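Participant: Let me begin by handing over the structure; questions about it come next.
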Amino acid sequence: MTDHQDPPVRLKGVGDSLWVTVDSSLPSERIYEEITKIFDRLKHLAINAKVVIDTGDQDDSDQLVEELSGFLKSKFQVGHVFKAQSRKHTHDIPDERGPDASETGVVTQNDSLIIAGRVRSGQTIEARKHLVILGDLNPGAEAVAGGDILVLGSLQGKAAAGQPDNINAIVMALEFKPTQIQIAGFVVAGNPRMVGSVPEFAHIENDQIVVNDYMKANPFKRMNWPEER
Amino acid sequence: MDGKVIVVTSGKGGVGKTTVTASIGAALALQGKRVAVVDMDIGLRNLDVVMGLENRIVFNIVDIIQGKCKLKQAAIKDRRIDNLYLIPASQSHEKNVIKPENMVWLCSKMKKEFDFTLLDCPAGIEQGFKNSIAAADQAIVVCTPEVSSVRDADRVIGLLYARNITPKLIINRIVPKMVESGDMLSHDDIIEVLSIDLVGLVEMDDKVVVSTNTGTPLIMQKDSKAGNAFQRIAMRLDGHPDLPIENPMDQKGFWKRISKKFSRKN
Ligand SMILES: Nc1ncnc2c1ncn2[C@@H]1O[C@H](COP(=O)(O)OP(=O)(O)OP(=O)(O)O)[C@@H](O)[C@H]1O
Ligand SMILES: [Mg+2]
């Protein structure tokens with residue numbers, strides 16, 4: 001891992017919200033510029049979205065959050081904007097779906113996770129590192145991983161790989177028809193035209209999520225020496 | 001031997017749970033079984049209306065659970081079909097007056113009296129749903145060929161599996177013409193996602209509304225496609241699990257064995 005500075009604004013999907021981490025020590029023009037860039041990329045995903053603004057431990061940032069809230073609502077039609085409560089909750093906002101959501105989900109503490117079976121709507125599978133699903137991920141289901149997500153079956157739900165900030169992570173599926181893909185802080189909406197007839201994978205290229213035919217564009221076959229991922 | 005308790009559920013509202021419960025209940029009773037249908041929609045009952053028994057209600061399910069009456073006193077006998085009884089919901093109570101343990105108790109009594117107890121579950125996955133599945137031995141998930149209905153059915157199927165109930169699927173309100181023209185999901189598309197055993201395909205049928213409005217059982221209308229489908233579903237639930245499922249897409253009326261291809265034995 002390279003030792004780089006945090007970007008001034010980062011976006012991440014958490015539960016049903018968009019979590020925006022803002023470095024409030026920067027001049028506000030800079031913040032607005034970055035936020036506009038990120039939300040432009042989201043396109044219609046931003047509409048009616050629930051947004052949480054995280055300014056770190058800054059207690060005097062209420063005004064900034066309020067201004068950003070007005071800005072996001074008018075420019076990108078987001079639904080609600082909240083201020084993140086405290087630093088320690090960064091990756092954990094309350095689950096409004098109640099106990100049922102987790103009752104049927106599988107949550108692991110291990111590094112990598114291989115599971116078999118169908119993941120159904122409302123279920124979430126989380127893995128600290130890589131996640132392999134032998135089966136299908138249905139529409140309405142979610143997979144979240146610190147590393148790669150490989151679906152040996154049909155990916156029709158939402159997959160968030162490289163959480164929170166591993167931009168090298170990929171999402172691969174034999175049938176690639178996701179509703180949404182996230183890698184690190186990047187988000188892209190699934191495209192209903194995705195036919196999913198060949199194995200495809202999503203990865204980050206030039207600050208964008210790009211989807212390619214896995215057999216044709218497989219980035220790993222050019223590596224001369226096998227490495228641990 | 002104890003009877004079976006089957007919950008009819010869907011997640012999404014208005015997909016046909018009450019229609020399914022009333023029709024399959026009637027068909028099972030006509031096949032000679034002792035059947036009770038229970039309206040679990042506390043505060044918003046309507047199984048009584050669909051069955052045309054609204055004006056006979058004296059006691060309801062909450063009264064039984066609160067000890068105000070006996071099970072036999074609350075069970076309303078159907079006007080036309082012997083062996084068919086309705087346990088109505090309460091219109092006036094909050095839905096939270098019943099707890100899952102109350103249902104376990106009630107169903108253990110029902111199993112002694114009836115071969116089949118069908119629970120008409122309210123929409124959603126809240127209290128009414130939890131109560132309904134608490135004591136169920138089997139589940140029927142109803143869904144329509146709409147993306148939102150399939151999504152909700154999938155959610156409910158996950159919750160049922162989490163409670164060790166293996167559900168069966170009914171796809172209701174199929175319009176073959178629309179499926180043909182590509183404007184409606186086909187049953188194959190739906191089964192592909194839900195991957196559970198199919199127990200019946202039911203077409204959109206105007207006779208359903210006629211039957212609801214007149215309180216005449218759908219299955220007693222001889223030329224009703226939906227009625228016939230429900231009758232065959234009842235047979236599949238009672239001793240004829242391998243009765244072929246008629247494909248509404250097959251206009252010539254050939255019966256195809258489409259169930260086996262997708263079935264997963266647990
Ligand atoms: N196969 C069918 N053909 C035509 N109409 C139908 C069919 N099945 C159900 N309907 C109609 O759809 C409507 C909803 O059906 P029903 O009340 O059985 O659904 P429900 O799932 O019980 O609804 P709720 O969630 O409100 O309890 C009713 O008007 C009913 O007459
Ligand atoms: Mg109903």
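Labels used: A, B, ... for chains in the order of the structure tokens, numbers from 1 for residues in each chain, and numbers from 1 for ligands as shown.
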Counting only C-alpha atoms, which residues from chain A have an atom at most 7 Å from any atom of chain B, and could you show them as a list in words?

Facilitator: Thr104, Arg120, Ser121, Gly122, Asn138, Pro139 and Gly140 of chain A

Participant: Given the selection you just returned, output its residues as a file containing N, CA, C and O atoms, formatted as a compact mmCIF listing (two decimals), in the first residue's frame.

Facilitator:
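Once everything was written out, this is out_14.txt:
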# COMPACT_ATOMS: atom_id res chain seq x y z
N THR A 104 -30.86 -12.70 8.99
CA THR A 104 -30.70 -13.61 7.87
C THR A 104 -29.40 -13.38 7.13
O THR A 104 -29.10 -14.04 6.18
N ARG A 120 -30.30 -13.68 -0.85
CA ARG A 120 -31.61 -13.16 -1.24
C ARG A 120 -31.78 -11.69 -0.89
O ARG A 120 -31.03 -11.15 -0.07
N SER A 121 -32.80 -11.10 -1.47
CA SER A 121 -33.14 -9.71 -1.20
C SER A 121 -33.17 -9.44 0.30
O SER A 121 -33.75 -10.21 1.05
N GLY A 122 -32.55 -8.35 0.72
CA GLY A 122 -32.57 -8.00 2.14
C GLY A 122 -31.42 -8.61 2.92
O GLY A 122 -31.18 -8.23 4.06
N ASN A 138 -28.94 -12.17 -5.50
CA ASN A 138 -30.21 -11.70 -6.07
C ASN A 138 -30.36 -10.19 -6.05
O ASN A 138 -29.71 -9.53 -5.25
N PRO A 139 -31.27 -9.66 -6.88
CA PRO A 139 -31.59 -8.23 -6.77
C PRO A 139 -32.03 -7.92 -5.34
O PRO A 139 -32.79 -8.69 -4.76
N GLY A 140 -31.56 -6.82 -4.79
CA GLY A 140 -31.94 -6.46 -3.42
C GLY A 140 -31.00 -7.01 -2.37
O GLY A 140 -31.08 -6.64 -1.21

Participant: So which residues are near ligand 2, meaning at most 7 Å away with only C-alpha atoms and all ligand atoms counted, given back as a PyMOL selection string?

Facilitator: chain B and resi 14+16-18+46-47+120+122

Participant: Could you pull out the residues sitting within 6 Å of ligand 1, using only C-alpha atoms and all ligand atoms, and write them as a list in words?

Facilitator: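 Selection of residues at most 6 Å from ligand 1: Gly13, Gly14, Val15, Gly16, Lys17, Thr18, Thr19, Pro122, Ala123, Asn172, Arg173, Val202, Glu203, Met204, Asp205, Asp206, Val208, Val209 and Ala226 of chain B.
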
Participant: Go ahead and write the selection's residues with all heavy atoms as a compact mmCIF listing (two decimals), in the first residue's frame.

Facilitator:
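As a result, again_17.txt now contains:
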# COMPACT_ATOMS: atom_id res chain seq x y z
N GLY B 13 -48.15 -6.27 -0.67
CA GLY B 13 -49.59 -6.32 -0.50
C GLY B 13 -50.32 -6.46 -1.83
O GLY B 13 -49.78 -6.15 -2.89
N GLY B 14 -51.53 -6.95 -1.75
CA GLY B 14 -52.42 -6.97 -2.92
C GLY B 14 -52.05 -7.94 -4.02
O GLY B 14 -52.49 -7.80 -5.15
N VAL B 15 -51.24 -8.94 -3.71
CA VAL B 15 -50.83 -9.88 -4.77
C VAL B 15 -51.73 -11.10 -4.85
O VAL B 15 -51.64 -11.88 -5.80
CB VAL B 15 -49.36 -10.32 -4.60
CG1 VAL B 15 -48.43 -9.12 -4.65
CG2 VAL B 15 -49.17 -11.09 -3.31
N GLY B 16 -52.60 -11.30 -3.84
CA GLY B 16 -53.56 -12.40 -3.92
C GLY B 16 -53.52 -13.39 -2.77
O GLY B 16 -54.05 -14.50 -2.91
N LYS B 17 -52.94 -13.01 -1.63
CA LYS B 17 -52.88 -13.94 -0.48
C LYS B 17 -54.27 -14.37 -0.03
O LYS B 17 -54.53 -15.55 0.19
CB LYS B 17 -52.18 -13.28 0.72
CG LYS B 17 -50.73 -12.96 0.51
CD LYS B 17 -50.15 -12.22 1.69
CE LYS B 17 -50.74 -10.83 1.87
NZ LYS B 17 -50.42 -9.87 0.80
N THR B 18 -55.18 -13.37 0.09
CA THR B 18 -56.51 -13.68 0.58
C THR B 18 -57.26 -14.54 -0.44
O THR B 18 -57.93 -15.52 -0.07
CB THR B 18 -57.26 -12.37 0.88
OG1 THR B 18 -56.51 -11.65 1.86
CG2 THR B 18 -58.65 -12.63 1.41
N THR B 19 -57.12 -14.22 -1.70
CA THR B 19 -57.74 -15.01 -2.77
C THR B 19 -57.22 -16.45 -2.73
O THR B 19 -57.99 -17.41 -2.82
CB THR B 19 -57.41 -14.37 -4.14
OG1 THR B 19 -57.78 -12.99 -4.10
CG2 THR B 19 -58.11 -15.07 -5.26
N PRO B 122 -50.89 -10.98 6.79
CA PRO B 122 -50.95 -9.61 6.27
C PRO B 122 -49.70 -9.28 5.45
O PRO B 122 -48.69 -9.98 5.56
CB PRO B 122 -51.02 -8.75 7.53
CG PRO B 122 -50.45 -9.59 8.62
CD PRO B 122 -50.70 -11.01 8.24
N ALA B 123 -49.76 -8.21 4.65
CA ALA B 123 -48.59 -7.78 3.90
C ALA B 123 -47.52 -7.28 4.87
O ALA B 123 -47.82 -6.97 6.02
CB ALA B 123 -48.99 -6.66 2.93
N ASN B 172 -49.21 -15.62 -9.31
CA ASN B 172 -50.61 -15.25 -9.52
C ASN B 172 -50.71 -14.07 -10.49
O ASN B 172 -49.77 -13.30 -10.64
CB ASN B 172 -51.22 -14.87 -8.16
CG ASN B 172 -52.73 -14.62 -8.24
OD1 ASN B 172 -53.42 -15.15 -9.11
ND2 ASN B 172 -53.23 -13.80 -7.33
N ARG B 173 -51.86 -13.93 -11.10
CA ARG B 173 -52.16 -12.82 -11.99
C ARG B 173 -51.27 -12.79 -13.23
O ARG B 173 -50.79 -11.72 -13.64
CB ARG B 173 -52.05 -11.48 -11.24
CG ARG B 173 -52.93 -11.43 -9.99
CD ARG B 173 -52.91 -10.09 -9.34
NE ARG B 173 -53.49 -9.11 -10.24
CZ ARG B 173 -54.38 -8.18 -9.87
NH1 ARG B 173 -54.77 -8.12 -8.63
NH2 ARG B 173 -54.85 -7.34 -10.74
N VAL B 202 -51.19 -19.19 -11.74
CA VAL B 202 -52.59 -18.77 -11.80
C VAL B 202 -52.72 -17.56 -12.70
O VAL B 202 -52.01 -16.56 -12.54
CB VAL B 202 -53.10 -18.42 -10.38
CG1 VAL B 202 -54.59 -18.06 -10.44
CG2 VAL B 202 -52.86 -19.57 -9.41
N GLU B 203 -53.63 -17.65 -13.65
CA GLU B 203 -53.82 -16.55 -14.59
C GLU B 203 -54.66 -15.44 -14.01
O GLU B 203 -55.45 -15.65 -13.09
CB GLU B 203 -54.54 -17.07 -15.84
CG GLU B 203 -53.62 -17.67 -16.86
CD GLU B 203 -54.38 -18.08 -18.10
OE1 GLU B 203 -55.05 -17.21 -18.70
OE2 GLU B 203 -54.31 -19.27 -18.46
N MET B 204 -54.50 -14.27 -14.58
CA MET B 204 -55.41 -13.17 -14.31
C MET B 204 -56.79 -13.59 -14.80
O MET B 204 -56.92 -14.11 -15.91
CB MET B 204 -54.93 -11.94 -15.08
CG MET B 204 -55.72 -10.71 -14.83
SD MET B 204 -55.27 -9.99 -13.26
CE MET B 204 -54.25 -8.66 -13.83
N ASP B 205 -57.82 -13.41 -13.97
CA ASP B 205 -59.12 -13.95 -14.31
C ASP B 205 -60.22 -13.05 -13.71
O ASP B 205 -60.27 -12.86 -12.50
CB ASP B 205 -59.21 -15.38 -13.74
CG ASP B 205 -60.50 -16.08 -14.09
OD1 ASP B 205 -61.42 -15.41 -14.62
OD2 ASP B 205 -60.59 -17.29 -13.82
N ASP B 206 -61.07 -12.52 -14.57
CA ASP B 206 -62.15 -11.63 -14.10
C ASP B 206 -63.07 -12.32 -13.10
O ASP B 206 -63.71 -11.68 -12.28
CB ASP B 206 -62.99 -11.15 -15.29
CG ASP B 206 -62.22 -10.20 -16.18
OD1 ASP B 206 -61.17 -9.70 -15.72
OD2 ASP B 206 -62.63 -9.98 -17.33
N VAL B 208 -62.37 -13.83 -10.58
CA VAL B 208 -61.92 -13.63 -9.20
C VAL B 208 -62.70 -12.48 -8.57
O VAL B 208 -63.18 -12.58 -7.44
CB VAL B 208 -60.40 -13.34 -9.15
CG1 VAL B 208 -59.97 -12.96 -7.73
CG2 VAL B 208 -59.60 -14.53 -9.64
N VAL B 209 -62.84 -11.40 -9.32
CA VAL B 209 -63.55 -10.24 -8.79
C VAL B 209 -65.03 -10.57 -8.60
O VAL B 209 -65.63 -10.22 -7.58
CB VAL B 209 -63.38 -9.03 -9.73
CG1 VAL B 209 -64.09 -7.81 -9.17
CG2 VAL B 209 -61.90 -8.73 -9.93
N ALA B 226 -58.62 -19.48 -13.14
CA ALA B 226 -57.95 -19.33 -11.85
C ALA B 226 -58.50 -20.37 -10.87
O ALA B 226 -57.75 -21.01 -10.14
CB ALA B 226 -58.15 -17.92 -11.31

Participant: Would you mind telling me which residue in A:Pro164, A:Gly79, A:Pro219, A:Gly70 lies nearest to Ile47 of chain A when using only C-alpha atoms?

Facilitator: A:Gly79

Participant: Would you please give, as a ChimeraX atom specification, all residues of segment 133-193 of chain B that DSSP assigns to alpha helix (DSSP H) based on the backbone?

Facilitator: /B:133-134,147-162,176-180,187-193

Participant: Write the selection just made, keeping N, CA and C atoms, as an mmCIF file, in the first residue's frame?

Facilitator:
data_model
loop_
_atom_site.group_PDB
_atom_site.id
_atom_site.type_symbol
_atom_site.label_atom_id
_atom_site.label_comp_id
_atom_site.auth_asym_id
_atom_site.auth_seq_id
_atom_site.Cartn_x
_atom_site.Cartn_y
_atom_site.Cartn_z
ATOM 1 N N ILE B 133 -45.921 -16.752 10.907
ATOM 2 C CA ILE B 133 -44.966 -17.812 10.604
ATOM 3 C C ILE B 133 -44.512 -18.557 11.855
ATOM 4 N N ALA B 134 -44.866 -18.017 13.034
ATOM 5 C CA ALA B 134 -44.369 -18.606 14.287
ATOM 6 C C ALA B 134 -44.769 -20.077 14.419
ATOM 7 N N VAL B 147 -41.575 -6.882 -10.880
ATOM 8 C CA VAL B 147 -40.254 -6.860 -10.252
ATOM 9 C C VAL B 147 -40.359 -6.622 -8.740
ATOM 10 N N SER B 148 -41.221 -5.682 -8.326
ATOM 11 C CA SER B 148 -41.303 -5.369 -6.899
ATOM 12 C C SER B 148 -41.867 -6.552 -6.107
ATOM 13 N N SER B 149 -42.806 -7.262 -6.688
ATOM 14 C CA SER B 149 -43.383 -8.415 -6.007
ATOM 15 C C SER B 149 -42.348 -9.532 -5.858
ATOM 16 N N VAL B 150 -41.559 -9.743 -6.909
ATOM 17 C CA VAL B 150 -40.532 -10.780 -6.858
ATOM 18 C C VAL B 150 -39.487 -10.425 -5.794
ATOM 19 N N ARG B 151 -39.129 -9.145 -5.737
ATOM 20 C CA ARG B 151 -38.152 -8.681 -4.751
ATOM 21 C C ARG B 151 -38.634 -8.971 -3.322
ATOM 22 N N ASP B 152 -39.909 -8.641 -3.079
ATOM 23 C CA ASP B 152 -40.466 -8.850 -1.734
ATOM 24 C C ASP B 152 -40.614 -10.337 -1.417
ATOM 25 N N ALA B 153 -41.000 -11.111 -2.430
ATOM 26 C CA ALA B 153 -41.126 -12.553 -2.222
ATOM 27 C C ALA B 153 -39.767 -13.126 -1.837
ATOM 28 N N ASP B 154 -38.727 -12.654 -2.502
ATOM 29 C CA ASP B 154 -37.371 -13.135 -2.234
ATOM 30 C C ASP B 154 -36.971 -12.839 -0.786
ATOM 31 N N ARG B 155 -37.322 -11.640 -0.342
ATOM 32 C CA ARG B 155 -37.026 -11.219 1.038
ATOM 33 C C ARG B 155 -37.704 -12.160 2.030
ATOM 34 N N VAL B 156 -38.986 -12.430 1.760
ATOM 35 C CA VAL B 156 -39.774 -13.282 2.640
ATOM 36 C C VAL B 156 -39.243 -14.722 2.625
ATOM 37 N N ILE B 157 -38.852 -15.179 1.454
ATOM 38 C CA ILE B 157 -38.306 -16.544 1.348
ATOM 39 C C ILE B 157 -37.058 -16.667 2.231
ATOM 40 N N GLY B 158 -36.208 -15.645 2.197
ATOM 41 C CA GLY B 158 -35.016 -15.642 3.051
ATOM 42 C C GLY B 158 -35.395 -15.739 4.520
ATOM 43 N N LEU B 159 -36.408 -14.984 4.928
ATOM 44 C CA LEU B 159 -36.842 -15.001 6.329
ATOM 45 C C LEU B 159 -37.440 -16.355 6.703
ATOM 46 N N LEU B 160 -38.137 -16.980 5.759
ATOM 47 C CA LEU B 160 -38.724 -18.298 6.044
ATOM 48 C C LEU B 160 -37.632 -19.355 6.187
ATOM 49 N N TYR B 161 -36.667 -19.338 5.269
ATOM 50 C CA TYR B 161 -35.546 -20.282 5.383
ATOM 51 C C TYR B 161 -34.824 -20.097 6.713
ATOM 52 N N ALA B 162 -34.695 -18.838 7.147
ATOM 53 C CA ALA B 162 -34.010 -18.568 8.411
ATOM 54 C C ALA B 162 -34.751 -19.214 9.576
ATOM 55 N N PRO B 176 -50.962 -14.179 -20.020
ATOM 56 C CA PRO B 176 -50.133 -14.837 -21.047
ATOM 57 C C PRO B 176 -49.786 -13.938 -22.231
ATOM 58 N N LYS B 177 -50.762 -13.132 -22.668
ATOM 59 C CA LYS B 177 -50.495 -12.245 -23.813
ATOM 60 C C LYS B 177 -49.346 -11.290 -23.523
ATOM 61 N N MET B 178 -49.326 -10.765 -22.313
ATOM 62 C CA MET B 178 -48.273 -9.804 -21.969
ATOM 63 C C MET B 178 -46.925 -10.493 -21.824
ATOM 64 N N VAL B 179 -46.942 -11.713 -21.318
ATOM 65 C CA VAL B 179 -45.689 -12.453 -21.206
ATOM 66 C C VAL B 179 -45.143 -12.709 -22.609
ATOM 67 N N GLU B 180 -46.053 -13.093 -23.497
ATOM 68 C CA GLU B 180 -45.676 -13.380 -24.874
ATOM 69 C C GLU B 180 -45.047 -12.172 -25.561
ATOM 70 N N HIS B 187 -42.805 -16.911 -15.950
ATOM 71 C CA HIS B 187 -42.593 -17.652 -14.712
ATOM 72 C C HIS B 187 -41.184 -18.224 -14.636
ATOM 73 N N ASP B 188 -40.599 -18.490 -15.811
ATOM 74 C CA ASP B 188 -39.205 -18.966 -15.800
ATOM 75 C C ASP B 188 -38.268 -17.912 -15.215
ATOM 76 N N ASP B 189 -38.473 -16.651 -15.627
ATOM 77 C CA ASP B 189 -37.635 -15.559 -15.095
ATOM 78 C C ASP B 189 -37.740 -15.512 -13.580
ATOM 79 N N ILE B 190 -38.973 -15.666 -13.092
ATOM 80 C CA ILE B 190 -39.208 -15.519 -11.652
ATOM 81 C C ILE B 190 -38.581 -16.675 -10.879
ATOM 82 N N ILE B 191 -38.776 -17.880 -11.399
ATOM 83 C CA ILE B 191 -38.237 -19.051 -10.704
ATOM 84 C C ILE B 191 -36.710 -19.030 -10.710
ATOM 85 N N GLU B 192 -36.160 -18.484 -11.775
ATOM 86 C CA GLU B 192 -34.707 -18.337 -11.874
ATOM 87 C C GLU B 192 -34.151 -17.568 -10.673
ATOM 88 N N VAL B 193 -34.841 -16.505 -10.295
ATOM 89 C CA VAL B 193 -34.376 -15.689 -9.167
ATOM 90 C C VAL B 193 -34.749 -16.316 -7.828
#

Participant: Identify which of the residues B:Leu44, B:Val20, B:Met249, B:Leu53 lies closest to Gly215 of chain B, counting only C-alpha atoms when measuring atom-to-atom distances.

Facilitator: B:Leu53

Participant: Write out as an mmCIF file with C-alpha atoms, in the first residue's frame each polymer residue whose atoms come within 8 Å of Ser132 of chain B, counting only C-alpha atoms; drop sequence neighbours fewer than 4 positions from it.

Facilitator:
data_model
loop_
_atom_site.group_PDB
_atom_site.id
_atom_site.type_symbol
_atom_site.label_atom_id
_atom_site.label_comp_id
_atom_site.auth_asym_id
_atom_site.auth_seq_id
_atom_site.Cartn_x
_atom_site.Cartn_y
_atom_site.Cartn_z
ATOM 1 C CA VAL B 7 -49.004 -19.819 6.073
ATOM 2 C CA MET B 40 -54.213 -12.872 10.458
ATOM 3 C CA PRO B 100 -45.965 -15.410 18.350
ATOM 4 C CA MET B 103 -50.134 -18.431 17.769
ATOM 5 C CA LEU B 119 -53.122 -18.616 7.719
ATOM 6 C CA ASP B 120 -53.825 -15.548 5.567
ATOM 7 C CA CYS B 121 -50.821 -13.409 6.444
ATOM 8 C CA GLY B 128 -48.502 -9.886 11.740
ATOM 9 C CA ALA B 136 -46.446 -22.646 10.513
#

Participant: Please identify all polymer residues within 6 Å of Ala84 of chain A, counting only C-alpha atoms, omitting same-chain residues fewer than 4 positions from it, and present them as a list in words.

Facilitator: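 Neighbouring residues, sequence-local ones excluded: Val52, Ile53 and Asp54 of chain A.
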
Participant: Would you work out the distance separating atom CA of Glu142 of chain A from atom CA of Gln123 of chain A, expressed in Å to one decimal?

Facilitator: 6.4 Å

Participant: What is the distance between atom CA of Val5 of chain B and atom CA of Met110 of chain B, in Å to one decimal?

Facilitator: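 That distance, rounded to one decimal, is 8.4 Å.
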
Participant: Given the choices B:Ile24, B:Val62, B:Leu106, B:Val37, which gets closest to Asp78 of chain B if the distance is worked out from only C-alpha atoms?

Facilitator: B:Val37
